[in-house]
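To start, the structure under review is shown below, and the notes come after it.
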Amino acid sequence: MQQVSCQGGRGPVPERSIPAPGLRLLITLQAMDLGPFGVWSNATWSRADDGSTDVAAELEDLGYDALWSSGGFEPGLAARFRYLLSVTTRLTVVSGIVSIWAASPDEIARAVADLDAQYPGRFVLGLGASHAARAKNYARPYTHMVGFLDVLDTAGPAVAKGRRVLAALGPRMLALARDRAAGAHPYFVPVEHTARARSVLGETPLLAPEVTVILERDPTTARGLARTFTAENLTLPNYADNLRSLGFGDDDLAGGGSDRLVDAVVAWGDVEAVAARIREHHTAGADHVCVQVLSTGDAFPLTAYRALAPALLNA
């Protein structure tokens, strides 16, 4: 088996061929094909950095296959998912993620069924246990997730096993994503984690990691912007412990992250360099990569997604 190396990690990871479009459905979701590339964002979807207002519609026209966004921590299913479905026609909208502490499984099941009735087959429920620092009454997250899934199993086809994915980092939650969902959605991970996750999931389940990117060639500028993202995430034990398990030490995790760590979890450079880094995750085992462009301000970074589209979607 050939090996590929990646920036910032412990060594080579197994190479895995990117599936041809006609075969991709066989190794991803049985009910739908997410395609190879999606967009992950918590920016303001209705206002782009160039003043455009039809952000989601243009991303669909550019050829991105799915839109991912956080469900937030307000009760119920965030209104943004209905909005994104309403302004697009074909792509899939995925929650990345709905917190299992923010609403009951019955409430989520009813809300998803309502979306599915209006936009059949276009919404995928992404669930996660989030973090103790961000959730009320956080206790025994794995057990709580199992109980949440038990209720969803009886709540109808819109939230059935093949129509949901789980945020997962460690082997136990990855195995749960394999056995009780269509697959896993890891966040804030280097390519070594993608290889590890594929080994736990096996060949068939969906693996859709989030990959944060910065279109900036200057190392100092790129890493400075990257640390506005990494610094907060490194305070969360779930993410920090996962990176430690991949060989990063306390020195790497301090001060917003060492150069080695920052370069491993954030892809930066020109369009070609960033596209190559994203594709490393496909080679390591990802079926679908959720691309999150990091930028300054709260406007949606549509300009960067336009620049990336030819390199990713026309290759």
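Labels for the structure tokens follow display order: chains A, B, ..., residues from 1 in each chain, ligands from 1.
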
- [ ] Extract, using only C-alpha atoms, all DNA, RNA and protein residues at most 10 Å from A:Glu74, discarding same-chain residues fewer than 3 positions from it, and format them as JSON, numbers by chain.
- [x] {"A": [71, 77, 78, 98, 99, 101, 102, 103]}

Open item on the list: Quick one: residues within 7 Å of A:Leu174, only C-alpha atoms, excluding same-chain residues fewer than 5 positions away - as a list in words?
Closed with: Ala168, Leu169, Ala184, Ala197, Val200 and Leu201 of chain A

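Rounded to one decimal, atom CA of A:Val151 and atom CA of A:Tyr187 lie 25.1 Å from each other.
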
TODO: Can you pull out every residue within 12 Å of stretch 271-279 of chain A, counting only C-alpha atoms, but drop anything in the same chain fewer than 2 positions away, and send it as JSON, numbers by chain?
DONE: {"A": [4, 5, 6, 7, 8, 15, 16, 17, 18, 36, 37, 38, 189, 190, 191, 194, 208, 209, 210, 211, 212, 213, 214, 215, 216, 217, 222, 263, 264, 265, 266, 267, 268, 269, 281, 282, 283, 284, 285, 286, 287, 288, 289, 290, 291, 292, 293, 303, 304, 305, 306, 307, 308, 309, 310, 311, 312, 313, 314, 315]}

Task: alpha helix (DSSP H) per DSSP on the backbone: members of stretch 33-141 of chain A, as a ChimeraX atom specification - done: /A:55-62,80-86,105-118,141

Task: For atom CA of A:Val262 and atom CA of A:Tyr142, the interatomic separation in Å (one decimal) - done: 28.6 Å

TODO: Could you please determine the separation between atom CA of A:Tyr239 and atom CA of A:Thr143 in Å, to one decimal place?
DONE: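 So the answer is 19.4 Å.
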
TODO: May I have all residues of stretch 147-295 of chain A that DSSP, computed from the backbone, assigns to strand (DSSP E or B), given as a PyMOL selection string?
DONE: chain A and resi 164-166+183-184+206-207+210-215+266-269+289-293

Selected residues, C-alpha atoms, written as a PDB file, in the first residue's frame, please.
```pdb
ATOM      1  CA  ARG A 164     -28.016  10.741  10.624  1.00  0.00           C
ATOM      2  CA  VAL A 165     -24.317  11.203  11.352  1.00  0.00           C
ATOM      3  CA  LEU A 166     -22.470  11.618  14.650  1.00  0.00           C
ATOM      4  CA  GLY A 183     -21.150   7.564   9.706  1.00  0.00           C
ATOM      5  CA  ALA A 184     -19.008  10.158  11.459  1.00  0.00           C
ATOM      6  CA  LEU A 206     -19.563   7.793   5.775  1.00  0.00           C
ATOM      7  CA  LEU A 207     -16.514   9.702   6.998  1.00  0.00           C
ATOM      8  CA  GLU A 210     -14.312  19.224   8.749  1.00  0.00           C
ATOM      9  CA  VAL A 211     -11.145  20.866   7.390  1.00  0.00           C
ATOM     10  CA  THR A 212     -10.385  24.508   8.146  1.00  0.00           C
ATOM     11  CA  VAL A 213      -8.522  26.448   5.447  1.00  0.00           C
ATOM     12  CA  ILE A 214      -6.955  29.880   4.938  1.00  0.00           C
ATOM     13  CA  LEU A 215      -6.101  31.266   1.515  1.00  0.00           C
ATOM     14  CA  VAL A 266      -5.423  24.267   9.376  1.00  0.00           C
ATOM     15  CA  ALA A 267      -4.621  24.076   5.670  1.00  0.00           C
ATOM     16  CA  TRP A 268      -3.104  27.348   4.451  1.00  0.00           C
ATOM     17  CA  GLY A 269      -1.405  28.586   1.327  1.00  0.00           C
ATOM     18  CA  VAL A 289     -14.699  16.845   3.242  1.00  0.00           C
ATOM     19  CA  CYS A 290     -16.500  19.790   4.853  1.00  0.00           C
ATOM     20  CA  VAL A 291     -14.393  22.830   3.956  1.00  0.00           C
ATOM     21  CA  GLN A 292     -14.468  25.727   6.423  1.00  0.00           C
ATOM     22  CA  VAL A 293     -12.793  28.896   5.154  1.00  0.00           C
TER      23      VAL A 293
END
```

Task: Residue neighbourhood A:Leu236, 8 Å, only C-alpha atoms, exclusion window fewer than 4 positions, as a ChimeraX atom specification - done: /A:131,133,232,240

Could you write out the selected residues, including N, CA and C atoms, as a PDB file, in the first residue's frame?
```pdb
ATOM      1  N   HIS A 131     -19.425  19.866  24.233  1.00  0.00           N
ATOM      2  CA  HIS A 131     -18.374  19.982  25.240  1.00  0.00           C
ATOM      3  C   HIS A 131     -18.985  20.429  26.562  1.00  0.00           C
ATOM      4  N   ALA A 133     -18.014  22.570  28.608  1.00  0.00           N
ATOM      5  CA  ALA A 133     -17.975  24.019  28.794  1.00  0.00           C
ATOM      6  C   ALA A 133     -19.080  24.741  28.028  1.00  0.00           C
ATOM      7  N   GLU A 232      -9.133  28.858  20.947  1.00  0.00           N
ATOM      8  CA  GLU A 232     -10.335  28.500  21.700  1.00  0.00           C
ATOM      9  C   GLU A 232     -10.568  26.996  21.693  1.00  0.00           C
ATOM     10  N   ALA A 240      -8.393  18.754  22.697  1.00  0.00           N
ATOM     11  CA  ALA A 240      -7.011  18.677  23.156  1.00  0.00           C
ATOM     12  C   ALA A 240      -6.581  17.228  23.379  1.00  0.00           C
TER      13      ALA A 240
END
```

Open item on the list: Which residue is closest to A:Leu253? Choose from A:Thr53, A:Ser199, A:Asn137, A:Thr235 and count only C-alpha atoms.
Closed with: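 Looking at the shortest contact to A:Leu253, the residue is A:Thr235.
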
Task: Long-range neighbours of A:Gly121 as an NGL selection string, 10 Å cut-off, only C-alpha atoms, 4 positions minimum in chain - done: :A and (31-32 or 90-93 or 115-117 or 158 or 163)
